[in-house]
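J.: Before I ask anything, let me first share the structure, which is written out below as C-alpha cells.
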Amino acid sequence: MTEPSSRIKNLSLPLRYPKTLRIDHVDTYKNKNGDVKVPDPYSHLEQDTEDRSLWLDEQGALTQKVLENFDAKEKIKSELTKNWDFSRVSVYCHAGQNRLGMDSLFAPYPRFAKDKRWYWNYNSGLQAQYILHRSKTSELPKFDVDGEEGPESQGEVFFDPNLLVEDGTAYLATSAFSKDGKYFAYGISLSGSDFFTIYVRPSSKPFDKRPEGGFLNDPDRLCDIIRFVKFSSIVWTHDSKGFFYQRFPERAEHGSAAEDKAGTETTSDENAAVYYHVLGTDQSQDILVYKDAANPSWLFGVGTSEPDGRFIELYISKDTSHKNKLYLANLGTEGDIASKVGNLKWHKIVDNWDAENSVLVSALLERTSRSPLT
C-alpha cells in the first residue's frame, strides 16, 4: 500500500516495509528433458534463524499498526460475526480408509456407529470447532426441525473439541470407532498443525467437560498416546485390539505431547511408515508394518476388507496427484494379529502410477483369495 486511503488514519504514508534480504540461490529440479534451474532468492526465510524472527516481528508490527488505524475494522468484524452467527449441522463421518487418510470428518448423512448410536456435528454459530453429538438411543434423530426440538436437544455431547484448549485452536484431525464399538480413537492437532497425536477413550465416556489441568489429564481416556502422526487415518483391525496408522520419524523439536510443537519446522518431512498399535501398550512397542527407505517422500494409507478384515490394503502415493499403487496382503482371520502384521507378504496388485486405484467390494478380494494371495 503506497497511496493514502480514507479508511486509514494517523499513518505516515507511503508505508515503509521491512527490507527483505535477497540471496543468490538456485534450486535444481529434474524432468524428462533434464535439469530445470529455478532461482529462489528468499530460500533463507525457510530456515528458523534470528534474522528471520526479527523480519517476521517487523512485518507483524507493521500489519498490526495498519489494522489498528483502519476505521472500518469494527464494522467489518461486526458484519462477519453477524453472518457467521447461525446454527448448523454437519453430519459426522469417521475418517475412512483412503490412500492418504485425508477423509473428512463430515458427510451428508448421519453416521450409525458400532455402538448403535447416531453421530453428527453441531455448531451453535460462533464456536471455534464443531461439537460431536450422538443420539441417546438407536433411533434416527429428526434433522428437519430446529430450535428446542432440533438435533442438539435430541442427543448428547460426545466430544467437544472446544474444551481441549481455551483458545479453540485444537481440533479433531481424524477419528475412528473400534469394530466392536467399545473404543473411540481420535487425533488431536494443536495450533493448525498437520501433525496430530492419537488418543483412545471408551465410547461410553463422552468428552463433555474440560479436565482440570488440561486434556492430557483427562481421567476417562486410556493410556495410549501415539505421536508424530501426519496425513493418516486410524484403521482398526476387526478384533478391536489395535489399529494401523502412518507416522514420521521423531524430532527433538516436536517437544513433549503437551507442547506438541510439531508442524512449526519448515523442512520437509520424509520417511513415513505404517505402524500397528496394540491397545494398552506404549508407542515404542508399535510394530512396523511397511516402509520404503528407497523412496523417502512416499506416503501410505491402509484399509481392511469387509466383513472379516482378512485382507490389508496398502495405498502408496508419491505426490498430490490422484494416482496410486495398490498392494494387498492376506492377514487371515485366525490367530493373533499383532504376531503377523510385522511380516506380511505384500502382493503388488497395481504397481504403477497410471490411475487412482482402490478396492471397491470385498467380493473382488474373495475371488482374489482363490488365487495365490497367501
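Ligands are numbered from 1 in the order shown, residues from 1 within each chain, and chains are lettered A, B, ... in the order they appear in the C-alpha cells.
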I'd like to know which residues of stretch 27-252 of chain A are strand (DSSP E) (by DSSP, run on the backbone); could you write them as a PyMOL selection string?
T.: chain A and resi 27-31+34-39+88-92+106-107+111-112+118-123+131-135+155-159+171-177+183-189+195-202+225-230+235-236+242-247
J.: Counting only C-alpha atoms, which of A:Asp24, A:Asp220, A:Glu253, A:Glu58 gets nearest to A:Tyr183?
T.: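 Going through A:Asp24, A:Asp220, A:Glu253, A:Glu58 one by one, the smallest distance to A:Tyr183 is for A:Asp220.
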J.: Env of A:Ser297: 10 Å cut, atoms = only C-alpha atoms, seq-sep filter 4 positions within chain, self excluded. Answer as a list of chain:residue names.
T.: A:Ser268, A:Asp269, A:Glu270, A:Asn271, A:Ala272, A:Asp292, A:Ala293, A:Ser317, A:Lys318, A:Asp319
J.: Let's have the selection written as a PDB file, in the first residue's frame, with all heavy atoms.
T.:
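Final output, saved to part_30.pdb:
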```pdb
ATOM      1  N   SER A 268      11.023 -30.315   5.085  1.00  0.00           N
ATOM      2  CA  SER A 268      10.030 -31.305   4.678  1.00  0.00           C
ATOM      3  C   SER A 268      10.142 -32.563   5.524  1.00  0.00           C
ATOM      4  O   SER A 268      11.218 -32.905   6.028  1.00  0.00           O
ATOM      5  CB  SER A 268      10.205 -31.656   3.202  1.00  0.00           C
ATOM      6  OG  SER A 268      11.492 -32.214   2.980  1.00  0.00           O
ATOM      7  N   ASP A 269       9.017 -33.242   5.681  1.00  0.00           N
ATOM      8  CA  ASP A 269       9.001 -34.499   6.426  1.00  0.00           C
ATOM      9  C   ASP A 269       9.128 -35.657   5.445  1.00  0.00           C
ATOM     10  O   ASP A 269       8.445 -35.704   4.424  1.00  0.00           O
ATOM     11  CB  ASP A 269       7.700 -34.629   7.215  1.00  0.00           C
ATOM     12  CG  ASP A 269       7.648 -33.661   8.374  1.00  0.00           C
ATOM     13  OD1 ASP A 269       8.374 -33.878   9.356  1.00  0.00           O
ATOM     14  OD2 ASP A 269       6.886 -32.673   8.292  1.00  0.00           O
ATOM     15  N   GLU A 270       9.997 -36.597   5.777  1.00  0.00           N
ATOM     16  CA  GLU A 270      10.232 -37.742   4.922  1.00  0.00           C
ATOM     17  C   GLU A 270      10.256 -39.024   5.744  1.00  0.00           C
ATOM     18  O   GLU A 270      10.215 -38.999   6.969  1.00  0.00           O
ATOM     19  CB  GLU A 270      11.556 -37.584   4.156  1.00  0.00           C
ATOM     20  CG  GLU A 270      11.550 -36.427   3.156  1.00  0.00           C
ATOM     21  CD  GLU A 270      12.817 -36.378   2.333  1.00  0.00           C
ATOM     22  OE1 GLU A 270      13.885 -36.780   2.857  1.00  0.00           O
ATOM     23  OE2 GLU A 270      12.756 -35.964   1.160  1.00  0.00           O
ATOM     24  N   ASN A 271      10.314 -40.138   5.026  1.00  0.00           N
ATOM     25  CA  ASN A 271      10.421 -41.457   5.642  1.00  0.00           C
ATOM     26  C   ASN A 271       9.196 -41.822   6.476  1.00  0.00           C
ATOM     27  O   ASN A 271       9.299 -42.278   7.617  1.00  0.00           O
ATOM     28  CB  ASN A 271      11.692 -41.563   6.490  1.00  0.00           C
ATOM     29  CG  ASN A 271      12.962 -41.397   5.660  1.00  0.00           C
ATOM     30  OD1 ASN A 271      13.190 -42.142   4.709  1.00  0.00           O
ATOM     31  ND2 ASN A 271      13.763 -40.398   5.993  1.00  0.00           N
ATOM     32  N   ALA A 272       8.017 -41.611   5.883  1.00  0.00           N
ATOM     33  CA  ALA A 272       6.787 -42.057   6.525  1.00  0.00           C
ATOM     34  C   ALA A 272       6.771 -43.576   6.580  1.00  0.00           C
ATOM     35  O   ALA A 272       7.389 -44.255   5.749  1.00  0.00           O
ATOM     36  CB  ALA A 272       5.572 -41.540   5.758  1.00  0.00           C
ATOM     37  N   ASP A 292       9.394 -47.668   2.981  1.00  0.00           N
ATOM     38  CA  ASP A 292      10.175 -47.772   1.753  1.00  0.00           C
ATOM     39  C   ASP A 292      11.329 -46.776   1.846  1.00  0.00           C
ATOM     40  O   ASP A 292      11.191 -45.605   1.494  1.00  0.00           O
ATOM     41  CB  ASP A 292       9.301 -47.476   0.536  1.00  0.00           C
ATOM     42  CG  ASP A 292       9.991 -47.816  -0.785  1.00  0.00           C
ATOM     43  OD1 ASP A 292      11.239 -47.819  -0.809  1.00  0.00           O
ATOM     44  OD2 ASP A 292       9.290 -48.079  -1.765  1.00  0.00           O
ATOM     45  N   ALA A 293      12.462 -47.252   2.354  1.00  0.00           N
ATOM     46  CA  ALA A 293      13.615 -46.378   2.567  1.00  0.00           C
ATOM     47  C   ALA A 293      14.160 -45.809   1.267  1.00  0.00           C
ATOM     48  O   ALA A 293      14.775 -44.742   1.251  1.00  0.00           O
ATOM     49  CB  ALA A 293      14.709 -47.143   3.305  1.00  0.00           C
ATOM     50  N   SER A 317       1.237 -43.399  -2.410  1.00  0.00           N
ATOM     51  CA  SER A 317       1.192 -42.174  -3.215  1.00  0.00           C
ATOM     52  C   SER A 317       2.541 -41.483  -3.169  1.00  0.00           C
ATOM     53  O   SER A 317       3.230 -41.507  -2.150  1.00  0.00           O
ATOM     54  CB  SER A 317       0.116 -41.219  -2.685  1.00  0.00           C
ATOM     55  OG  SER A 317      -1.158 -41.822  -2.759  1.00  0.00           O
ATOM     56  N   LYS A 318       2.899 -40.864  -4.284  1.00  0.00           N
ATOM     57  CA  LYS A 318       4.187 -40.175  -4.333  1.00  0.00           C
ATOM     58  C   LYS A 318       4.042 -38.656  -4.403  1.00  0.00           C
ATOM     59  O   LYS A 318       5.019 -37.938  -4.224  1.00  0.00           O
ATOM     60  CB  LYS A 318       5.014 -40.662  -5.522  1.00  0.00           C
ATOM     61  CG  LYS A 318       4.421 -40.342  -6.888  1.00  0.00           C
ATOM     62  CD  LYS A 318       5.371 -40.758  -8.003  1.00  0.00           C
ATOM     63  CE  LYS A 318       4.793 -40.424  -9.382  1.00  0.00           C
ATOM     64  NZ  LYS A 318       5.740 -40.753 -10.469  1.00  0.00           N
ATOM     65  N   ASP A 319       2.818 -38.164  -4.687  1.00  0.00           N
ATOM     66  CA  ASP A 319       2.601 -36.725  -4.760  1.00  0.00           C
ATOM     67  C   ASP A 319       1.112 -36.462  -4.578  1.00  0.00           C
ATOM     68  O   ASP A 319       0.360 -37.343  -4.148  1.00  0.00           O
ATOM     69  CB  ASP A 319       3.119 -36.145  -6.081  1.00  0.00           C
ATOM     70  CG  ASP A 319       2.607 -36.917  -7.299  1.00  0.00           C
ATOM     71  OD1 ASP A 319       1.425 -37.348  -7.281  1.00  0.00           O
ATOM     72  OD2 ASP A 319       3.376 -37.087  -8.267  1.00  0.00           O
TER      73      ASP A 319
END
```
J.: For A:Leu164, which residue out of A:Gly255, A:Gly60, A:Pro206, A:Pro211 is the nearest one, using only C-alpha atoms?
T.: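 Nearest candidate to A:Leu164 out of A:Gly255, A:Gly60, A:Pro206, A:Pro211: A:Pro211.
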J.: Among stretch 145-372 of chain A, which residues carry a DSSP assignment of helix (DSSP H, G or I), reported as a PyMOL selection string?
T.: chain A and resi 147-149+151-154+161-163+215-217+252-254+283-285+337-339+341-343+362-369
J.: Any idea what's packed within 12 Å of A:Lys205, counting only C-alpha atoms, ignoring anything in its chain fewer than 5 positions away? Could you give it as a list of chain:residue names?
T.: A:Glu156, A:Val157, A:Phe158, A:Phe159, A:Lys182, A:Tyr183, A:Phe184, A:Val200, A:Asp218, A:Pro219, A:Asp220, A:Arg221, A:Leu222
J.: With all heavy atoms kept, could you save the residues just selected as a CSV table (one decimal), in the first residue's frame?
T.:
```
chain,number,residue,atom,x,y,z
A,156,GLU,N,-26.8,-36.1,22.9
A,156,GLU,CA,-25.9,-35.6,24.0
A,156,GLU,C,-24.6,-35.3,23.4
A,156,GLU,O,-24.2,-35.8,22.3
A,156,GLU,CB,-25.8,-36.7,25.0
A,156,GLU,CG,-25.2,-38.0,24.5
A,156,GLU,CD,-25.1,-39.1,25.5
A,156,GLU,OE1,-25.7,-38.9,26.6
A,156,GLU,OE2,-24.5,-40.2,25.3
A,157,VAL,N,-23.8,-34.5,24.1
A,157,VAL,CA,-22.5,-34.2,23.6
A,157,VAL,C,-21.6,-35.4,23.8
A,157,VAL,O,-21.5,-36.0,24.9
A,157,VAL,CB,-21.9,-33.0,24.4
A,157,VAL,CG1,-20.4,-32.8,24.0
A,157,VAL,CG2,-22.6,-31.7,24.0
A,158,PHE,N,-20.9,-35.9,22.7
A,158,PHE,CA,-20.0,-37.0,22.8
A,158,PHE,C,-18.6,-36.5,22.9
A,158,PHE,O,-17.7,-37.0,23.7
A,158,PHE,CB,-20.2,-37.9,21.7
A,158,PHE,CG,-19.1,-39.0,21.7
A,158,PHE,CD1,-19.2,-40.0,22.7
A,158,PHE,CD2,-18.2,-39.1,20.7
A,158,PHE,CE1,-18.2,-41.0,22.7
A,158,PHE,CE2,-17.2,-40.2,20.8
A,158,PHE,CZ,-17.2,-41.1,21.8
A,159,PHE,N,-18.2,-35.5,22.1
A,159,PHE,CA,-16.8,-35.0,22.1
A,159,PHE,C,-16.9,-33.5,21.7
A,159,PHE,O,-17.3,-33.2,20.6
A,159,PHE,CB,-15.9,-35.7,21.1
A,159,PHE,CG,-14.5,-35.5,21.4
A,159,PHE,CD1,-13.7,-36.5,22.1
A,159,PHE,CD2,-13.8,-34.4,21.0
A,159,PHE,CE1,-12.4,-36.3,22.4
A,159,PHE,CE2,-12.5,-34.2,21.3
A,159,PHE,CZ,-11.8,-35.2,22.0
A,182,LYS,N,-16.6,-50.3,21.2
A,182,LYS,CA,-16.3,-50.1,22.6
A,182,LYS,C,-15.3,-48.9,22.7
A,182,LYS,O,-15.2,-48.3,23.8
A,182,LYS,CB,-15.7,-51.3,23.2
A,182,LYS,CG,-16.7,-52.5,23.4
A,182,LYS,CD,-16.1,-53.7,24.1
A,182,LYS,CE,-17.1,-54.8,24.2
A,182,LYS,NZ,-16.5,-56.0,24.9
A,183,TYR,N,-14.5,-48.6,21.7
A,183,TYR,CA,-13.4,-47.6,21.8
A,183,TYR,C,-13.5,-46.6,20.7
A,183,TYR,O,-14.0,-46.9,19.6
A,183,TYR,CB,-12.1,-48.3,21.8
A,183,TYR,CG,-11.9,-49.3,22.8
A,183,TYR,CD1,-11.9,-50.7,22.5
A,183,TYR,CD2,-11.7,-49.0,24.2
A,183,TYR,CE1,-11.7,-51.7,23.5
A,183,TYR,CE2,-11.5,-49.9,25.2
A,183,TYR,CZ,-11.5,-51.3,24.8
A,183,TYR,OH,-11.3,-52.2,25.8
A,184,PHE,N,-13.1,-45.4,21.1
A,184,PHE,CA,-13.1,-44.3,20.1
A,184,PHE,C,-11.7,-43.7,20.1
A,184,PHE,O,-11.1,-43.2,21.1
A,184,PHE,CB,-14.0,-43.2,20.6
A,184,PHE,CG,-14.1,-41.9,19.7
A,184,PHE,CD1,-14.6,-42.0,18.5
A,184,PHE,CD2,-13.6,-40.7,20.2
A,184,PHE,CE1,-14.7,-40.8,17.7
A,184,PHE,CE2,-13.7,-39.6,19.4
A,184,PHE,CZ,-14.2,-39.6,18.2
A,200,VAL,N,-7.1,-42.6,22.8
A,200,VAL,CA,-8.2,-43.6,22.8
A,200,VAL,C,-9.0,-43.4,24.1
A,200,VAL,O,-8.4,-43.2,25.2
A,200,VAL,CB,-7.7,-45.0,22.7
A,200,VAL,CG1,-8.8,-46.0,22.6
A,200,VAL,CG2,-6.7,-45.2,21.5
A,218,ASP,N,-7.1,-35.9,31.2
A,218,ASP,CA,-8.4,-36.5,31.1
A,218,ASP,C,-8.4,-37.9,31.8
A,218,ASP,O,-7.8,-38.8,31.3
A,218,ASP,CB,-8.8,-36.6,29.6
A,218,ASP,CG,-10.1,-37.2,29.4
A,218,ASP,OD1,-10.9,-37.4,30.4
A,218,ASP,OD2,-10.5,-37.4,28.2
A,219,PRO,N,-9.2,-38.0,32.9
A,219,PRO,CA,-9.2,-39.3,33.6
A,219,PRO,C,-10.0,-40.4,32.8
A,219,PRO,O,-9.8,-41.6,33.2
A,219,PRO,CB,-10.0,-39.0,34.9
A,219,PRO,CG,-10.9,-37.8,34.5
A,219,PRO,CD,-10.1,-37.0,33.5
A,220,ASP,N,-10.7,-40.1,31.8
A,220,ASP,CA,-11.5,-41.1,31.1
A,220,ASP,C,-10.8,-41.7,29.9
A,220,ASP,O,-11.3,-42.7,29.3
A,220,ASP,CB,-12.9,-40.4,30.6
A,220,ASP,CG,-13.8,-40.1,31.8
A,220,ASP,OD1,-13.7,-40.8,32.8
A,220,ASP,OD2,-14.5,-39.1,31.7
A,221,ARG,N,-9.8,-41.1,29.4
A,221,ARG,CA,-9.1,-41.6,28.3
A,221,ARG,C,-8.1,-42.8,28.7
A,221,ARG,O,-7.7,-42.8,29.9
A,221,ARG,CB,-8.3,-40.6,27.5
A,221,ARG,CG,-7.1,-40.0,28.2
A,221,ARG,CD,-6.3,-39.2,27.2
A,221,ARG,NE,-5.1,-38.6,27.8
A,221,ARG,CZ,-3.9,-39.3,28.0
A,221,ARG,NH1,-3.8,-40.5,27.6
A,221,ARG,NH2,-2.9,-38.7,28.6
A,222,LEU,N,-7.8,-43.6,27.8
A,222,LEU,CA,-6.9,-44.7,28.1
A,222,LEU,C,-5.4,-44.2,28.1
A,222,LEU,O,-5.2,-43.0,27.8
A,222,LEU,CB,-7.0,-45.8,27.1
A,222,LEU,CG,-8.5,-46.4,26.9
A,222,LEU,CD1,-8.5,-47.6,26.0
A,222,LEU,CD2,-9.0,-46.8,28.3
```
J.: Please build the interface table for stretch 119-186 of chain A against stretch 230-245 of chain A with a cut-off of 12 Å, listing for each qualifying residue the nearest atom pair and the distance in Å to one decimal; count only C-alpha atoms, order rows by chain and increasing number, and write it as JSON lines.
T.:
```
{"residue": "A:Leu172", "atom": "CA", "partner": "A:Ser233", "partner_atom": "CA", "distance": 11.7}
{"residue": "A:Ala173", "atom": "CA", "partner": "A:Ser233", "partner_atom": "CA", "distance": 9.0}
{"residue": "A:Thr174", "atom": "CA", "partner": "A:Ser233", "partner_atom": "CA", "distance": 6.3}
{"residue": "A:Ser175", "atom": "CA", "partner": "A:Ile234", "partner_atom": "CA", "distance": 6.4}
{"residue": "A:Ala176", "atom": "CA", "partner": "A:Ile234", "partner_atom": "CA", "distance": 6.0}
{"residue": "A:Phe177", "atom": "CA", "partner": "A:Trp236", "partner_atom": "CA", "distance": 7.7}
{"residue": "A:Ser178", "atom": "CA", "partner": "A:Ser240", "partner_atom": "CA", "distance": 5.2}
{"residue": "A:Lys179", "atom": "CA", "partner": "A:Ser240", "partner_atom": "CA", "distance": 5.5}
{"residue": "A:Asp180", "atom": "CA", "partner": "A:Ser240", "partner_atom": "CA", "distance": 6.3}
{"residue": "A:Gly181", "atom": "CA", "partner": "A:Ser240", "partner_atom": "CA", "distance": 8.4}
{"residue": "A:Lys182", "atom": "CA", "partner": "A:Ser240", "partner_atom": "CA", "distance": 8.4}
{"residue": "A:Tyr183", "atom": "CA", "partner": "A:Ser240", "partner_atom": "CA", "distance": 8.2}
{"residue": "A:Phe184", "atom": "CA", "partner": "A:Ile234", "partner_atom": "CA", "distance": 10.2}
{"residue": "A:Ala185", "atom": "CA", "partner": "A:Ile234", "partner_atom": "CA", "distance": 7.4}
{"residue": "A:Tyr186", "atom": "CA", "partner": "A:Ile234", "partner_atom": "CA", "distance": 7.9}
```
